[in-house]
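Novice: Questions regarding the structure given below will be posed in turn.
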Amino acid sequence: MPRSPRLFPLLLLLLPPLAAGLGTRGAGGRRPECGPCSPERCPAPGRCAAPGIAARDECGCCARCLGPEGARCGGRAGARCGPGLVCASRAAGTAPEGTGLCVCAQRGAVCGSDGRSYPSVCALRLRAQHAPRAHPGHLHKARDGPCEFAPVVVLPPRSVHNVTGTQAHLSCKVRAVPAPVITWRKVTQSPEGTQVLEDLPGDHVNIAVQVQGGPSDHEARAWILIHPLRKEDEGVYQCHSANVVGEAQSHGTVTVTDLSKYQAPRFPAPGS
C-alpha cells in the first residue's frame, strides 16, 4: 500500500527539534548554569601546590588548581582532586560536613624505577612530572610495595656501666624491607685469639631478649636485658640484623664493677 503524501510534511516538522536535541547532547558542551565565558572576570590564579596538575573549573573557563594528594577537597569551595585521586570523607567532627582529603584511588606504597619508595602510585606520577629532564617512561612503577633494601641501623646500642647485682639494658633500632631478623650476640675471644660470637640468650638465665616491630613503618627494635648483672657479663654485645638483601650490625659495651672487691673488711668485735 503506498504511503500517504500527508505524512511527509509532518515528518519535516518533527525533525528540527529532534536534531537540536541530539546536537546539544552530542556536543557535551558547557553547563547551562555556567553562562558565557569571560576570562577577564576570572580571579587571578594563585600558585598551585602541584603545578603539574593545573586545570580549568567546571565551566571550562577559569584556571584552577587541582588538589594534590593530602589536600582538602569537597565542601562549598568545591575543591577538586587531581587525576587519579578521589575525595575521601574525613571522620565525623574533624572537618566541615561534605569535606574530605584527596587520596590516591590506588592505595598502597609502590617502588619506583629510581629505587625509591613512594606512598602511592599517584605520588610517583607527580614526581615523574616534576623530575628534571623528564622524558616518557623515565620514571615508572617497578613493582607494588616499597623498594627492598638491606638493614640500616638507625639507633645503635649505647655502652653502659653498672655494678654487680643491678641490671644492664641495651637496645637498637633497624630499618629494612623486607623486615629483618634481629639477633643479639656476645663477642668473645677464643683461646687461640679468634673472635667468637655467642648467640643470646643461650643458657644464660639472667639474660632476656625481645624484638618488636615499629614504631615507624619498616622499622624494628630489639632489646637485651641482663639481670642480675655479674662480672662475667662484661664484654661487647652485637645487635645483628639481616634480610634477603643484606645485613648490618652494631655493638655496645657492658662494663661491670664488682662490688665485692670494695666491701669494707669486717673486724672482730672488741672482747671477742
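Identifiers for the C-alpha cells are assigned positionally: chains receive A, B, ... in sequence, residues are indexed from 1 per chain, and ligands are indexed from 1 in the order shown.
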Can you tell me, as JSON, numbers by chain, what residues are no more than 12 Å from Ala44 in chain A when counting only C-alpha atoms, ignoring any on the same chain fewer than 3 positions away?

Specialist: {"A": [39, 40, 41, 47, 48, 62, 63, 64, 65]}

Novice: Per DSSP on the backbone, filter range 211-270 of chain A down to the residues in strand (DSSP E) and report them as an MDAnalysis selection string.

Specialist: chainID A and resid 211:213 219:226 235:242 247:257

Novice: Skip Gln106 in chain A itself and residues of its chain fewer than 4 positions away, then list as a list in words all residues within 9 Å of it, counting only C-alpha atoms.

Specialist: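 Once the adjacent positions are removed, what remains is Gly84, Leu85, Ser120, Val121 and Cys122 of chain A.
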
Novice: Just how far from CA of Val174 in chain A is CA of Ala242 in chain A, in Å to one decimal?

Specialist: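 Atom-to-atom, CA of Ala242 in chain A to CA of Val174 in chain A, that is 9.8 Å.
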
Novice: Need to verify the contact set: Cys81 in chain A, 9 Å, only C-alpha atoms, exclusion of same-chain residues closer than 2 positions in sequence. Can you return it as an MDAnalysis selection string?

Specialist: chainID A and resid 65:69 71:74 79 83:87 101:103

Novice: Include N, CA, C and O atoms and write out the residues we just selected as a compact mmCIF listing (two decimals), in the first residue's frame.

Specialist:
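Wrote again_29.txt, looks like this:
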# COMPACT_ATOMS: atom_id res chain seq x y z
N CYS A 65 43.44 25.35 40.39
CA CYS A 65 44.36 24.31 40.85
C CYS A 65 43.57 23.08 41.27
O CYS A 65 42.53 23.18 41.92
N LEU A 66 44.08 21.94 40.90
CA LEU A 66 43.52 20.69 41.38
C LEU A 66 44.32 20.25 42.60
O LEU A 66 45.54 20.44 42.67
N GLY A 67 43.62 19.68 43.57
CA GLY A 67 44.26 19.30 44.82
C GLY A 67 45.22 18.14 44.66
O GLY A 67 44.87 17.13 44.04
N PRO A 68 46.43 18.26 45.22
CA PRO A 68 47.35 17.11 45.23
C PRO A 68 46.95 16.14 46.32
O PRO A 68 46.02 16.38 47.09
N GLU A 69 47.65 15.05 46.41
CA GLU A 69 47.37 14.04 47.43
C GLU A 69 47.54 14.65 48.82
O GLU A 69 48.55 15.29 49.12
N ALA A 71 45.47 17.03 50.00
CA ALA A 71 44.84 18.34 50.05
C ALA A 71 43.36 18.21 50.43
O ALA A 71 42.74 17.16 50.23
N ARG A 72 42.78 19.30 50.95
CA ARG A 72 41.35 19.30 51.26
C ARG A 72 40.53 19.34 49.98
O ARG A 72 40.95 19.92 48.98
N CYS A 73 39.38 18.76 50.05
CA CYS A 73 38.51 18.73 48.88
C CYS A 73 37.07 18.75 49.34
O CYS A 73 36.76 18.56 50.52
N GLY A 74 36.14 18.97 48.38
CA GLY A 74 34.71 18.99 48.69
C GLY A 74 34.31 20.28 49.38
O GLY A 74 35.03 21.27 49.40
N ALA A 79 36.44 22.27 45.94
CA ALA A 79 37.79 21.91 45.54
C ALA A 79 37.79 20.51 44.93
O ALA A 79 37.17 19.60 45.47
N PRO A 83 44.17 14.25 38.91
CA PRO A 83 43.91 12.98 38.23
C PRO A 83 44.42 11.80 39.04
O PRO A 83 45.49 11.86 39.64
N GLY A 84 43.62 10.75 39.07
CA GLY A 84 43.97 9.56 39.82
C GLY A 84 43.63 9.63 41.29
O GLY A 84 43.83 8.67 42.01
N LEU A 85 43.11 10.79 41.75
CA LEU A 85 42.77 10.98 43.16
C LEU A 85 41.27 11.02 43.35
O LEU A 85 40.52 11.40 42.44
N VAL A 86 40.82 10.64 44.53
CA VAL A 86 39.40 10.73 44.88
C VAL A 86 39.29 11.49 46.19
O VAL A 86 40.22 11.52 47.01
N CYS A 87 38.13 12.12 46.39
CA CYS A 87 37.88 12.88 47.61
C CYS A 87 37.27 11.94 48.64
O CYS A 87 36.12 11.53 48.52
N LEU A 101 39.62 14.64 52.13
CA LEU A 101 41.00 14.75 51.69
C LEU A 101 41.18 14.01 50.37
O LEU A 101 40.54 12.98 50.14
N CYS A 102 42.05 14.55 49.54
CA CYS A 102 42.36 13.89 48.27
C CYS A 102 43.28 12.70 48.55
O CYS A 102 44.35 12.87 49.14
N VAL A 103 42.84 11.52 48.17
CA VAL A 103 43.64 10.32 48.34
C VAL A 103 43.75 9.61 47.00
O VAL A 103 42.90 9.76 46.13

Novice: For Tyr237 in chain A, list every protein, DNA or RNA residue within 7 Å, evaluated using only C-alpha atoms, and leave out those in the same chain fewer than 6 positions away; present the list as a compact mmCIF listing (two decimals) with N, CA and C atoms, in the first residue's frame.

Specialist:
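This went into result_16.txt:
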# COMPACT_ATOMS: atom_id res chain seq x y z
N TRP A 184 70.83 -10.99 69.03
CA TRP A 184 71.89 -10.44 69.88
C TRP A 184 72.98 -11.50 70.06
N ARG A 185 74.22 -11.04 70.05
CA ARG A 185 75.35 -11.93 70.22
C ARG A 185 76.37 -11.28 71.16
N LYS A 186 77.05 -12.11 71.91
CA LYS A 186 78.15 -11.62 72.72
C LYS A 186 79.46 -11.95 72.02
N VAL A 187 80.32 -10.95 71.89
CA VAL A 187 81.58 -11.10 71.19
C VAL A 187 82.66 -11.46 72.21
N HIS A 251 77.52 -2.46 67.75
CA HIS A 251 77.99 -3.01 69.01
C HIS A 251 77.80 -2.03 70.15
N GLY A 252 77.65 -2.59 71.34
CA GLY A 252 77.63 -1.83 72.58
C GLY A 252 78.42 -2.59 73.63
N THR A 253 79.06 -1.85 74.53
CA THR A 253 79.92 -2.47 75.54
C THR A 253 79.26 -2.38 76.92

Novice: Skipping near chain neighbours, those fewer than 4 positions away, what residues fall within 6 Å of Pro146 in chain A using only C-alpha atoms, listed as a PyMOL selection string?

Specialist: chain A and resi 109-111+117

Novice: Filtering to C-alpha atoms, could you give me those residues as a PDB file, in the first residue's frame?

Specialist:
ATOM      1  CA  ALA A 109      53.087   2.098  48.530  1.00  0.00           C
ATOM      2  CA  VAL A 110      54.964   1.399  45.301  1.00  0.00           C
ATOM      3  CA  CYS A 111      58.609   1.054  44.327  1.00  0.00           C
ATOM      4  CA  SER A 117      59.647   4.069  47.665  1.00  0.00           C
TER       5      SER A 117
END

Novice: Neighbours of Thr166 in chain A within 12 Å (only C-alpha atoms; same-chain residues fewer than 3 positions away dropped), as a compact mmCIF listing (two decimals) with C-alpha atoms, in the first residue's frame?

Specialist:
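After the write, out.txt holds the following:
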# COMPACT_ATOMS: atom_id res chain seq x y z
CA VAL A 160 76.55 1.01 79.71
CA HIS A 161 78.42 0.80 83.01
CA ASN A 162 76.87 -0.64 86.15
CA VAL A 163 77.72 -2.65 89.28
CA HIS A 169 69.92 -2.71 79.25
CA ASN A 206 69.90 -13.81 83.67
CA LEU A 225 68.26 -7.14 79.48
CA ILE A 226 70.90 -8.58 81.79
CA HIS A 227 69.70 -9.02 85.38
CA PRO A 228 71.21 -9.59 87.83
CA LEU A 229 74.46 -8.31 86.42
CA ARG A 230 77.57 -10.37 87.07
CA LYS A 231 81.22 -9.63 86.46
CA ASP A 233 78.64 -10.50 81.82
CA VAL A 256 80.69 -4.19 85.23
CA THR A 257 82.20 -3.12 88.54
CA ASP A 258 82.42 -5.94 91.09
CA LEU A 259 81.19 -4.53 94.40
